[in-house]
Structure formats: C-alpha cells, structure tokens
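K.L.:
Could you have a look at this structure, given as structure tokens, before my questions?
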Amino acid sequence: MVLYTTPYSSASLHFLDGLSWSLVFPCYWLLDRLLASCVATSLEKHQRSQDPCSFLTLCVLISAPVYLFLLLASLPFALLGFIIWAPLQALRQPYLYTHCRPDKYQAEEAQSALAGIGVGEWRPQGRSFCFCSANVCLLPDSLARFNNLSDTHRRAREVGKRIRNGASRPQIKIYIDSPTNTSISAASFSSLATGFRRTSSVDHRPDQTHTINGLTDTEPEPLTECPIHSSGATNCPLHTVVGDQGSSGCPLHQDETDTTTDCQLHPTGANNNSDCPVHSSGEAPHCPMHSVEPKNISDHPVASTHSEGTQPKSSTSCPLHTSGVQISISAPEPDAQEEEAETGNQAGDTGSVTASRESLARYHGGESGVGISSNNILSHVPRTSIFKRPGRKRRQGDETFDHEISAFFPANLDFLALQEVFDHGSITRLRRQLHHYFPYVLSDVGQYGWKGCCSKFKFLNSGLMLASRYPILDARYECYPNGRGEDSLAAKGALFAKVHVGTSHQEQRIVGYLTCTHLHAIEADASVRCEQLDLLLQWGTEFRHSSSQPPEGEKVLEDLVAFDVILGDLNFDNCSSEDKLEQQHALFTHYKDPCRLGPGEDKPWALGTLLDPSGLYDDEVCTPESLQKVMENEEGRKEYLVFPPSKSQCPASNQKGRKIPLKGNGRRIDYILYSDEGLHQDWKLEIEEFSFITQLAGLTDHLSVAMRLAVSTGEEEP
C-alpha cells in the first residue's frame with residue numbers, strides 16, 4: 001500500500017525529466033498555438049463578425065506565420081529532448097498523490113479535540129457521503145477547440161474555483177414537524193429567515209460556533225422563537241392582543257385603516273413587499289426586517305422588537321412563523337488567506353470571488369477585457385441571497401430519494417472524480433484550487449510513451465483525477481489495452497482508491513472503495529467498451545482483494561466496507577439503440593444505477609449530461625442559473641442537449657430548430673454507480689439525493705452529476 005508522492009523514485013530521474021521537457025515544451029506550445037489559431041470557437045467567430053476593422057482576423061494572419069517560423073526553429077531542440085524524455089516514461093509512477101491540509105481543517109480538528117469528538121470517529125447510526133463526477137474537457141487548447149472550448153488554463157483555474165465554492169457554500173436544511181405540511185412555498189420561505197442557525201452539517205466534522213450579526217449561536221437546536229414576541233407576548237410593542245390582527249395589509253396592524261407611522265416594522269413612507277412576511281405587495285426598502293447587515297444587536301431587525309434581556313417565545317399567531325418548520329444553515333468558513341488574496345485583486349482578477357454573476361456571460365475574450373466570474377460563493381454575498389433556491393428537489397411516484405437540477409455543486413462534497421484533465425499545466429492549476437477544499441488528491445494519472453512493446457505511443461495521460469476529504473489508504477491505476485483510433489493516443493484506464501472514512505468502537509477500520517474511469521469514446525466501437533467494462537470489474541475485484549490483505553506477520557481486524565462506488569464518463573447512454581451491448585452488461589448486475597429502470601429505459605426525471613457544443617455560449621445557457629432553467633424545460637433540453645442518435649433523426653452535431661420527436665431527456669453518459677456487495681450484513685445503503693449540476697456552464701460540454709449516499713448500520717444513537 002504505497003502512495004506515490006513524486007513522479008519518479010529518484011531526484012536524478014526527476015531532473016532529467018524536467019530538462020527534457022524544457023527542450024520539448026517550446027515546440028509543443030508553438031504547435032498548440034498554431035493549430036489553435038486555425039480553429040475558432042463560435043464565440044470567437046461572433047467577436048470577429050462584430051469587429052468592423054477586422055483587427056482580430058489581422059492578428060491571426062500575422063501570428064500564424066510567426067508561430068510556424070518559431071516552430072521550425074525549435075524542432076531540433078524538441079527532438080533532442082524527446083529522445084531523453086520518452087524512455088524515462090517507462091520509469092514514471094502511474095499517479096501523483098498530494099496531501100495539503102488547509103488551515104481551516106486544522107482549526108476544525110482543534111475544535112474537535114476540545115469537544116472530545118474524533119474527526120474520524122464512526123457514528124453508531126452510520127453516516128452519509130456525497131460523490132460527484134464531472135468531465136471537464138481540459139485538453140490542450142488546440143484540441144479543446146474541436147469541442148468549441150478554448151483557454152484551457154483559465155478554464156482549469158475557474159473549474160477548480162467553482163467546485164470548491166459550490167462545495168463549501170452554506171447548506172440549507174429544512175425540518176418539517178407537521179405530518180400534513182410537507183412543502184414550503186416560496187412566499188413563506190423568507191419568513192424562516194429569522195429562525196436559522198449556522199452549523200457544521202458534515203457528519204465527521206464537529207459543530208462550530210458562529211456569529212450572525214454579532215449574535216453568538218451555540219444552541220444545539222434550530223431557533224424557533226418568535227422574533228416579534230417578548231416573553232408571554234404581553235409586552236410585545238406590536239401585538240397588544242395575540243391574534244388581534246387585520247386580515248389585509250400588514251398582519252401586525254389592527255385594521256385596514258390603521259396607519260404605519262408608529263409601526264416599528266414600517267417607517268413612515270415605506271411600502272409593502274411581497275417577499276416580506278409582513279408585507280402584502282410592493283417594496284419596503286427601509287423596513288428593518290429587510291436589513292441586510294446590521295452592525296450590532298441593537299440594530300438587528302429581530303432584536304429591536306424585543307425589550308433587552310427578555311427571551312422570545314414562539315407564537316402560533318405570529319406571521320413570521322410557519323407551524324412546525326425549522327431551518328438550519330451550515331457554512332464552512334472561507335479561507336482567510338484566499339479571501340484576502342481574492343479581495344485584493346478583485347479589480348483586475350478575472351476569477352475574483354466578488355465578480356457578478358452576469359459577468360460569466362462575458363467569460364471568453366482575453367484582450368477584449370472580459371474574464372471569468374467565480375459566481376458561486378454565497379458566503380460573500382448579502383444575507384438575503386442565502387435563501388435563493390439552489391435547485392428544485394422533487395420525488396416522483398414511488399421514488400425513495402430526492403432528485404434535482406442544481407446550479408451548485410452539493411454542499412459538503414466528500415469525493416470528486418474528474419475526467420479529461422489531460423493538459424499538464426491545467427493539472428497543476430486545478431489541483432491547486434481543489435486543495436483549498438479537498439486535502440487529498442490523486443492527479444497526473446496514467447503513463448506516457450510506450451506501455452509494453454506492442455502498445456501505441458501515449459501522447460496524453462488518462463485524464464483522471466480524484467479528490468477526497470477522507471484519507472486515501474491505497475490506490476492503483478490500470479490502462480485499457482484495447483483503445484482504437486484517436487482514443488489510443490491517450491492512456492485511458494481506471495483509477496481505484498481505498499479511503500478511510502472512520503473507525504468502529506471495536507477499533508475496526510471502516511473504508512470505502514472508489515473507482516474513477518473514462519471509457520472508449522468512438523460511438524461505433526461498442527465491443528471495445530464492453531471489453532473495458534469486463535476489465536473494470538476484474539481489476540476492481542483484484543484491487544479490493546489485494547488492498548484488504550494485512551501486511552505479512554501482522555494480525556489486524558478485518559476492514560468494514562461502507563461503500564463501493566464507480567464514477568466516470570462511460571461514453572454510452574441507456575436509451576440509444578446502438579448501445580444495447582453496454583446497456584445489458586454484467587456491470588449493472590453488480591452495481592446499481594439510480595437513474596435507470598432497466599436496459600434501454602431511464603427514469604422519467606433522468607437527464608442527459610452531454611451538451612450540444614454549438615450552443616455553449618448562447619445567452620440562454622452561459623451561466624449556471626440560466627442553464628439550470630433551460631434544463632428544467634423540455635423544449636430547452638431539446639435545444640441544448642445531445643440526444644440518442646437515430647436513423648430518423650438529424651445528426652447530433654447541430655440540433656437547433658429540430659422538429660423531429662426526440663427520445664428520452666438526452667444522452668446520459670456520465671454515471672455514478674454503487675454496490676452493496678461486500679458490506680456488513682446488517683448495513684444498508686440508501687440514496688438521499690441525486691443531482692444534475694450546471695455550475696460549470698460555459699466551461700465544459702458536460703453536466704456534472706452528484707449523489708448523496710447514506711450508510712446505515714441499523715444501530716441507534718446512544
């Protein structure tokens with residue numbers, strides 16, 4: 001169980017690799033730029049059409065010959081470097097393991113130690129884990145342009161920012177005590193604003209003490225006290241008699257003719273607001289209930305309605321209470337150093353966390369002054385926006401879990417599997433961003449050069465990356481030997497990992513198994529993918545067996561397996577008639593697909609994950625929120641998703657304006673599968689929610705998928 005922390009076993013080999021690559025890189029970069037200048041994205045074509053002086057076209061015409069000349073001049077050095085570099089790849093490690101624990105995790109561990117709670121301690125009733133898979137298309141820039149994407153290094157940095165910002169956003173939990181009231185309307189949702197607490201909702205992380213507007217919250221349960229009533233409701237300045245309220249207008253006034261001049265919630269001249277629980281319509285910009293950032297407790301819109309020292313008490317007549325409803329918000333604290341760095345560069349940094357959401361539409365542009373917006377840090381926006389709906393959770397029929405289309409990555413994400421992280425510079429940038437949230441990362445997975453005497457030369461690695469919030473105990477990479485065509489130029493394969501998720505009271509180690517993979521992409525080669533699925537099952541079994549063997553001469557307790565999950569881009573869907581072989585593979589007898597009813601049939605809510613590249617920069621889908629809205633609409637899905645190919649349908653390359661009926665909800669080629677084989681006989685796996693994520697809108701041609709899986713042990717909390 002050795003994790004490779006360096007690309008080579010010795011410093012001399014590492015030096016030779018760096019020297020050889022320094023000779024090859026100028027030629028590689030010039031070739032990439034030359035090809036990129038010949039392939040324009042749809043956004044660049046639009047910008048050139050809007051250029052009256054043809055300045056952008058002139059730049060391309062001038063730069064292309066320059067690139068070509070410099071490329072020819074660098075070829076002798078590149079050839080020398082290649083002669084040194086290629087043989088070294090046979091000695092290169094198959095992956096790079098990095099561990100970088102952010103300061104905020106150290107602070108959480110200190111708090112956990114003070115509270116007497118172990119971070120890795122397994123709770124008797126079990127725990128839930130969140131998994132996510134995303135194809136980020138980080139190819140060299142010239143190759144990414146064939147998918148209508150460009151500026152790979154900038155996209156890599158922005159992808160990392162959005163993932164960590166989405167995963168660390170505040171998590172809203174709503175508890176409904178009433179057996180008859182199972183939903184919360186949008187109108188009443190804002191009335192819960194005064195009854196929330198900030199907690200740490202990650203099972204393996206202790207609850208933290210947070211302050212909200214100067215009010216320290218240390219209560220173990222969410223607050224449900226009325227923000228209007230003082231104790232007993234007899235001294236409340238707004239309710240002389242409980243329940244004596246008008247039926248229209250402000251619910252705190254006695255009748256319709258009552259003026260608002262003396263109302264503590266209605267300053268003179270303030271109008272009503274339909275979003276405010278005490279307003280009917282209009283706006284009330286001066287209403288103290290709308291105050292965003294009160295500076296102290298006396299300015300707090302809730303505290304100002306109570307006499308000092310009194311304890312609020314709930315009232316069923318208060319319009320700010322929805323009966324039986326409680327709300328909890330968890331929000332990991334932002335990294336102070338990162339926040340300071342981002343704030344200091346907000347005027348010129350294209351990835352500033354304070355950039356507006358609308359600026360995402362102007363993401364690509366370089367010299368035109370446009371940049372990327374990191375648009376998903378809810379902890380950095382006014383408090384009122386915390387309650388913006390991140391996605392619509394639904395259940396259909398007999399479904400036992402929620403499903404949604406979300407504009408954000410799941411809060412408190414535990415495991416992340418990425419595909420198509422091919423570009424070497426993008427690997428470094430993406431890994432640096434992910435380490436702000438994930439302590440453990442496996443990157444640069446795969447092998448270059450020749451793998452065996454009969455294999456083709458691998459110009460690209462596997463493109464796989466795995467990030468975890470739990471310690472990685474063991475890992476293994478295997479390369480698929482049957483790649484064909486252009487796919488054979490990349491070392492596509494499978495990455496297996498064993499993670500330590502807790503320890504039982506009997507000192508048994510509790511572990512989980514993760515598999516990240518990317519299958520053959522050429523549509524007609526179904527037999528190739530089936531062979532790769534056979535190898536995936538075989539390698540997975542061998543890895544679990546070898547990693548569970550104790551070291552020789554040592555007697556240790558057997559590991560308890562909490563989960564076994566496969567994540568990745570399988571390059572086939574469950575609706576296409578051309579993919580029948582893959583749909584009926586034995587993989588689906590050992591692993592369960594939450595979106596699948598059976599071979600060739602998905603559940604009605606399942607969504608395609610492959611976007612039509614030609615529409616990536618349309619205004620309707622260029623931001624996470626706008627793409628989410630389009631995906632929630634059937635007609636929108638027909639416009640912007642790639643659908644299963646059919647003889648009676650148009651080619652999938654350009655689908656806009658198509659009137660032919662389409663099958664299903666698009667090609668779902670990104671999967672998260674789980675297995676309950678090998679678990680403890682009393683343990684059970686239950687899916688809590690499944691999400692299709694649009695947060696990477698404009699950065700990749702895939703939707704991300706996420707699943708929250710609950711592991712229950714059958715025991716009860718002592």
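Chain labels A, B, ... are given in the sequence in which chains occur in the structure tokens; within each chain residues are numbered consecutively from 1, and ligands are likewise numbered from 1 in the order shown.
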So which residues touch Glu601 (chain A) within 7 Å, counting only C-alpha atoms, skipping near sequence neighbours fewer than 5 positions away, as a VMD selection string?

P.N.:
chain A and resid 574 to 575 596

K.L.:
With all heavy atoms retained, export the selected residues as a compact mmCIF listing (two decimals), in the first residue's frame.

P.N.:
# COMPACT_ATOMS: atom_id res chain seq x y z
N ASN A 574 -28.25 5.00 -21.88
CA ASN A 574 -29.18 3.91 -21.63
C ASN A 574 -30.42 3.99 -22.51
O ASN A 574 -31.42 3.33 -22.23
CB ASN A 574 -29.59 3.90 -20.15
CG ASN A 574 -30.24 2.59 -19.74
OD1 ASN A 574 -29.80 1.53 -20.17
ND2 ASN A 574 -31.30 2.66 -18.95
N CYS A 575 -30.37 4.81 -23.56
CA CYS A 575 -31.53 4.96 -24.43
C CYS A 575 -31.22 4.68 -25.90
O CYS A 575 -32.11 4.33 -26.66
CB CYS A 575 -32.11 6.37 -24.30
SG CYS A 575 -32.80 6.75 -22.69
N ARG A 596 -31.68 4.57 -13.58
CA ARG A 596 -32.03 3.54 -14.56
C ARG A 596 -33.18 2.67 -14.08
O ARG A 596 -33.21 2.23 -12.93
CB ARG A 596 -30.77 2.70 -14.83
CG ARG A 596 -30.94 1.43 -15.62
CD ARG A 596 -29.60 0.73 -15.68
NE ARG A 596 -29.70 -0.66 -16.09
CZ ARG A 596 -29.17 -1.15 -17.19
NH1 ARG A 596 -28.51 -0.36 -18.01
NH2 ARG A 596 -29.27 -2.43 -17.48

K.L.:
Quick one: residues within 10 Å of Glu486 (chain A), only C-alpha atoms, excluding same-chain residues fewer than 6 positions away - as a list in words?

P.N.:
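The filter keeps His520, Ala521 and Ile522 of chain A.
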
K.L.:
Generate a file of the selected residues that holds all heavy atoms, formatted as a short mmCIF file (atom, residue, chain, number, x, y, z; two decimals), in the first residue's frame.

P.N.:
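Listed below is the output, part12.cif:
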data_model
loop_
_atom_site.label_atom_id
_atom_site.label_comp_id
_atom_site.auth_asym_id
_atom_site.auth_seq_id
_atom_site.Cartn_x
_atom_site.Cartn_y
_atom_site.Cartn_z
N HIS A 520 -13.82 4.17 -23.76
CA HIS A 520 -13.59 4.45 -25.18
C HIS A 520 -14.70 5.34 -25.73
O HIS A 520 -15.88 5.13 -25.44
CB HIS A 520 -13.53 3.13 -25.94
CG HIS A 520 -13.10 3.24 -27.36
ND1 HIS A 520 -11.81 3.55 -27.73
CD2 HIS A 520 -13.79 3.07 -28.52
CE1 HIS A 520 -11.71 3.55 -29.05
NE2 HIS A 520 -12.90 3.27 -29.55
N ALA A 521 -14.34 6.32 -26.55
CA ALA A 521 -15.31 7.36 -26.96
C ALA A 521 -15.94 7.14 -28.32
O ALA A 521 -17.03 7.65 -28.57
CB ALA A 521 -14.63 8.73 -26.93
N ILE A 522 -15.30 6.41 -29.22
CA ILE A 522 -15.84 6.27 -30.58
C ILE A 522 -17.15 5.49 -30.53
O ILE A 522 -17.21 4.37 -30.01
CB ILE A 522 -14.81 5.57 -31.48
CG1 ILE A 522 -13.51 6.39 -31.53
CG2 ILE A 522 -15.37 5.37 -32.89
CD1 ILE A 522 -12.40 5.74 -32.32
#

K.L.:
Would you mind listing what lies within 9 Å of Thr694 (chain A) as a PyMOL selection string, with only C-alpha atoms counted and same-chain residues fewer than 3 positions away left out?

P.N.:
chain A and resi 405-409+623-628+631+697+702-704

K.L.:
As a list in words, please: the residues near region 25-30 of chain A (cut-off 7 Å, only C-alpha atoms, same-chain neighbours under 2 positions excluded).

P.N.:
Trp21, Ser22, Leu23, Asp32, Arg33, Leu34, Tyr67, Leu71, Ser74, Leu75 and Ala78 of chain A

K.L.:
Quick one: distance from CA of Tyr95 (chain A) to CA of Tyr513 (chain A) in Å, one decimal?

P.N.:
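We find that CA of Tyr95 (chain A) and CA of Tyr513 (chain A) lie 17.3 Å from each other.
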
K.L.:
Take CA of Glu542 (chain A) and CA of His590 (chain A) and report the distance between them in Å, one decimal.

P.N.:
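Those two atoms sit 15.0 Å apart.
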